[in-house]
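S.K.: Below is query24.txt; it holds compact mmCIF, N, CA and C atoms.
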```txt
# COMPACT_ATOMS: atom_id res chain seq x y z
N MET A 1 121.72 123.37 103.48
CA MET A 1 121.36 122.48 102.38
C MET A 1 120.44 121.38 102.90
N LYS A 2 119.45 121.07 102.12
CA LYS A 2 118.45 120.07 102.47
C LYS A 2 119.01 118.66 102.29
N THR A 3 118.78 117.80 103.29
CA THR A 3 119.22 116.41 103.20
C THR A 3 118.19 115.62 102.40
N ILE A 4 118.68 114.85 101.45
CA ILE A 4 117.83 114.00 100.61
C ILE A 4 118.13 112.54 100.96
N TYR A 5 117.06 111.77 101.10
CA TYR A 5 117.17 110.36 101.46
C TYR A 5 116.63 109.47 100.35
N LEU A 6 117.23 108.31 100.23
CA LEU A 6 116.68 107.24 99.41
C LEU A 6 115.87 106.33 100.32
N ILE A 7 115.09 105.44 99.75
CA ILE A 7 114.23 104.59 100.56
C ILE A 7 115.04 103.72 101.53
N LYS A 8 116.22 103.28 101.12
CA LYS A 8 117.05 102.47 102.02
C LYS A 8 117.51 103.31 103.21
N ASP A 9 117.75 104.60 103.00
CA ASP A 9 118.13 105.49 104.10
C ASP A 9 116.97 105.66 105.08
N LEU A 10 115.76 105.76 104.55
CA LEU A 10 114.58 105.86 105.41
C LEU A 10 114.45 104.62 106.28
N ALA A 11 114.68 103.47 105.68
CA ALA A 11 114.58 102.21 106.43
C ALA A 11 115.58 102.19 107.59
N ILE A 12 116.78 102.64 107.34
CA ILE A 12 117.81 102.67 108.38
C ILE A 12 117.43 103.66 109.48
N LYS A 13 117.02 104.87 109.08
CA LYS A 13 116.71 105.92 110.06
C LYS A 13 115.47 105.64 110.89
N THR A 14 114.49 104.93 110.31
CA THR A 14 113.22 104.73 111.01
C THR A 14 113.05 103.34 111.62
N GLY A 15 113.87 102.39 111.19
CA GLY A 15 113.70 101.02 111.67
C GLY A 15 112.57 100.28 110.98
N LEU A 16 112.00 100.88 109.95
CA LEU A 16 110.95 100.23 109.17
C LEU A 16 111.58 99.51 107.98
N SER A 17 110.91 98.48 107.52
CA SER A 17 111.43 97.78 106.35
C SER A 17 111.13 98.57 105.08
N ILE A 18 111.89 98.32 104.05
CA ILE A 18 111.64 98.95 102.76
C ILE A 18 110.25 98.56 102.26
N TYR A 19 109.87 97.31 102.48
CA TYR A 19 108.54 96.84 102.09
C TYR A 19 107.46 97.67 102.77
N THR A 20 107.60 97.93 104.07
CA THR A 20 106.61 98.71 104.82
C THR A 20 106.55 100.14 104.30
N ILE A 21 107.70 100.75 104.04
CA ILE A 21 107.72 102.11 103.52
C ILE A 21 107.04 102.17 102.16
N LYS A 22 107.31 101.19 101.30
CA LYS A 22 106.66 101.16 99.99
C LYS A 22 105.14 100.99 100.13
N TYR A 23 104.72 100.21 101.12
CA TYR A 23 103.28 100.07 101.39
C TYR A 23 102.69 101.41 101.80
N TYR A 24 103.36 102.12 102.70
CA TYR A 24 102.88 103.43 103.14
C TYR A 24 102.82 104.42 101.97
N LEU A 25 103.75 104.31 101.05
CA LEU A 25 103.70 105.13 99.83
C LEU A 25 102.46 104.78 99.01
N ARG A 26 102.22 103.49 98.85
CA ARG A 26 101.11 103.01 98.03
C ARG A 26 99.76 103.45 98.59
N VAL A 27 99.61 103.44 99.93
CA VAL A 27 98.32 103.81 100.52
C VAL A 27 98.22 105.30 100.79
N GLY A 28 99.26 106.05 100.50
CA GLY A 28 99.21 107.50 100.60
C GLY A 28 99.56 108.10 101.95
N LEU A 29 100.20 107.35 102.82
CA LEU A 29 100.60 107.92 104.11
C LEU A 29 101.81 108.84 103.98
N VAL A 30 102.68 108.54 103.05
CA VAL A 30 103.85 109.39 102.77
C VAL A 30 103.98 109.56 101.26
N ARG A 31 104.75 110.58 100.90
CA ARG A 31 104.97 110.86 99.47
C ARG A 31 106.45 111.09 99.22
N GLU A 32 106.87 110.74 98.04
CA GLU A 32 108.24 111.06 97.63
C GLU A 32 108.27 112.53 97.23
N ILE A 33 109.45 113.13 97.30
CA ILE A 33 109.56 114.53 96.87
C ILE A 33 110.06 114.63 95.43
N GLY A 34 110.46 113.49 94.88
CA GLY A 34 110.92 113.47 93.50
C GLY A 34 111.55 112.14 93.16
N ARG A 35 112.03 112.06 91.93
CA ARG A 35 112.72 110.85 91.45
C ARG A 35 113.93 111.24 90.64
N SER A 36 114.92 110.39 90.69
CA SER A 36 116.11 110.60 89.88
C SER A 36 115.76 110.34 88.42
N PRO A 37 116.11 111.25 87.53
CA PRO A 37 115.82 111.01 86.12
C PRO A 37 116.65 109.87 85.53
N ASP A 38 117.80 109.61 86.12
CA ASP A 38 118.69 108.56 85.59
C ASP A 38 118.35 107.17 86.13
N THR A 39 118.10 107.09 87.43
CA THR A 39 117.91 105.78 88.06
C THR A 39 116.46 105.50 88.45
N ASN A 40 115.62 106.54 88.44
CA ASN A 40 114.23 106.45 88.87
C ASN A 40 114.10 106.15 90.37
N PHE A 41 115.18 106.34 91.13
CA PHE A 41 115.12 106.19 92.59
C PHE A 41 114.23 107.29 93.16
N ARG A 42 113.47 106.93 94.20
CA ARG A 42 112.64 107.92 94.88
C ARG A 42 113.51 108.74 95.82
N TYR A 43 113.16 110.04 95.95
CA TYR A 43 113.84 110.92 96.89
C TYR A 43 112.86 111.33 97.98
N PHE A 44 113.39 111.46 99.20
CA PHE A 44 112.60 111.85 100.36
C PHE A 44 113.37 112.89 101.14
N ASP A 45 112.66 113.60 102.02
CA ASP A 45 113.32 114.61 102.84
C ASP A 45 113.09 114.32 104.33
N GLU A 46 113.57 115.22 105.17
CA GLU A 46 113.48 115.04 106.63
C GLU A 46 112.02 114.99 107.10
N THR A 47 111.15 115.68 106.40
CA THR A 47 109.72 115.64 106.75
C THR A 47 109.20 114.21 106.67
N THR A 48 109.62 113.48 105.66
CA THR A 48 109.19 112.09 105.49
C THR A 48 109.72 111.23 106.63
N VAL A 49 110.96 111.47 107.05
CA VAL A 49 111.53 110.73 108.18
C VAL A 49 110.67 110.95 109.42
N LYS A 50 110.35 112.20 109.72
CA LYS A 50 109.53 112.52 110.89
C LYS A 50 108.16 111.89 110.80
N LYS A 51 107.56 111.94 109.62
CA LYS A 51 106.24 111.36 109.42
C LYS A 51 106.27 109.84 109.63
N LEU A 52 107.29 109.19 109.09
CA LEU A 52 107.41 107.73 109.27
C LEU A 52 107.63 107.35 110.73
N LEU A 53 108.40 108.14 111.45
CA LEU A 53 108.61 107.87 112.88
C LEU A 53 107.29 108.02 113.64
N SER A 54 106.49 109.02 113.29
CA SER A 54 105.18 109.21 113.92
C SER A 54 104.26 108.04 113.60
N ILE A 55 104.25 107.63 112.34
CA ILE A 55 103.42 106.49 111.92
C ILE A 55 103.84 105.24 112.68
N ARG A 56 105.14 105.02 112.81
CA ARG A 56 105.63 103.85 113.53
C ARG A 56 105.12 103.84 114.96
N GLU A 57 105.16 104.98 115.62
CA GLU A 57 104.68 105.06 117.01
C GLU A 57 103.17 104.84 117.10
N LEU A 58 102.43 105.38 116.16
CA LEU A 58 100.99 105.18 116.16
C LEU A 58 100.62 103.73 115.90
N ARG A 59 101.36 103.07 115.03
CA ARG A 59 101.11 101.64 114.76
C ARG A 59 101.42 100.80 116.00
N LYS A 60 102.43 101.21 116.77
CA LYS A 60 102.74 100.51 118.02
C LYS A 60 101.58 100.63 119.01
N LYS A 61 100.80 101.71 118.89
CA LYS A 61 99.64 101.93 119.75
C LYS A 61 98.37 101.34 119.12
N ASN A 62 98.56 100.48 118.14
CA ASN A 62 97.47 99.76 117.46
C ASN A 62 96.51 100.66 116.70
N ARG A 63 96.98 101.80 116.21
CA ARG A 63 96.16 102.65 115.36
C ARG A 63 96.12 102.04 113.96
N SER A 64 94.94 102.07 113.36
CA SER A 64 94.80 101.52 112.01
C SER A 64 95.38 102.50 110.99
N ILE A 65 95.62 101.99 109.81
CA ILE A 65 96.12 102.83 108.72
C ILE A 65 95.12 103.95 108.43
N ASN A 66 93.83 103.64 108.42
CA ASN A 66 92.81 104.66 108.16
C ASN A 66 92.81 105.73 109.24
N GLU A 67 92.91 105.32 110.51
CA GLU A 67 92.98 106.31 111.60
C GLU A 67 94.19 107.22 111.44
N ILE A 68 95.31 106.62 111.11
CA ILE A 68 96.53 107.39 110.93
C ILE A 68 96.38 108.34 109.74
N LYS A 69 95.83 107.85 108.67
CA LYS A 69 95.66 108.66 107.46
C LYS A 69 94.78 109.88 107.73
N LYS A 70 93.72 109.69 108.50
CA LYS A 70 92.83 110.79 108.83
C LYS A 70 93.48 111.82 109.72
N GLY A 71 94.40 111.38 110.57
CA GLY A 71 95.02 112.28 111.53
C GLY A 71 96.27 112.98 111.06
N LEU A 72 96.85 112.55 109.95
CA LEU A 72 98.08 113.16 109.47
C LEU A 72 97.80 114.47 108.76
N PRO A 73 98.63 115.48 109.02
CA PRO A 73 98.48 116.74 108.29
C PRO A 73 98.65 116.51 106.78
N GLY A 74 97.85 117.20 106.02
CA GLY A 74 97.96 117.11 104.56
C GLY A 74 97.17 115.95 103.97
N HIS A 75 96.34 115.31 104.78
CA HIS A 75 95.51 114.21 104.27
C HIS A 75 94.06 114.50 104.47
```
What is this file in structure tokens?

M.R.:
Amino acid sequence: MKTIYLIKDLAIKTGLSIYTIKYYLRVGLVREIGRSPDTNFRYFDETTVKKLLSIRELRKKNRSINEIKKGLPGH
């Protein structure tokens, strides 16, 4: 069974703030896999966790958002 994460779960697993994750969503670095019809909460999967961890490491190496965006698969 596939593990589904909420944005707060992503923040805990990646060490990134919810604000930062929402920014990455806004600029297109990551995408939600769906939303709850009842609460409108965003859903994410393990792929998003891995992508956010990669982005975090690249940002530590002073890579710009544009550089990261160009280098990520699916962009």

S.K.: Select, from A:Ile7, A:Leu16, A:Ile33, A:Val27, the residue with the minimum atom-to-atom distance to Leu52 (chain A), counting all atoms listed in the file.

M.R.: A:Leu16

S.K.: Quick one: pull the distance between atom C of Leu58 (chain A) and CA of Thr3 (chain A), Å, one decimal.

M.R.: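 So the answer is 25.8 Å.
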
S.K.: Extract the full set of strand (DSSP E) residues from chain A according to DSSP on the backbone, and format it as a list in words.

M.R.: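 Taking chain A and keeping strand (DSSP E) only, one gets Gly34, Arg35, Arg42 and Tyr43 of chain A.
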
S.K.: Tell me, which residues of chain A carry DSSP helix (DSSP H, G or I), written as number ranges by chain?

M.R.: A: 7-14, 18-27, 46-60, 65-71

S.K.: Atom N of Gly28 (chain A) and atom N of Met1 (chain A) are how many Å apart?

M.R.: 28.5 Å

S.K.: Residues at most 10 Å from Asp45 (chain A), counting only C-alpha atoms, excluding those fewer than 4 positions away in the same chain, as a list of chain:residue names?

M.R.: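 Neighbouring residues, sequence-local ones excluded: A:Lys2, A:Thr3, A:Ile4, A:Tyr5, A:Leu6, A:Leu10, A:Arg31, A:Glu32, A:Ile33, A:Gly34, A:Val49, A:Lys50.
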
S.K.: Please report the interatomic distance between CA of Lys51 (chain A) and atom C of Leu29 (chain A) in Å with one decimal.

M.R.: 7.5 Å
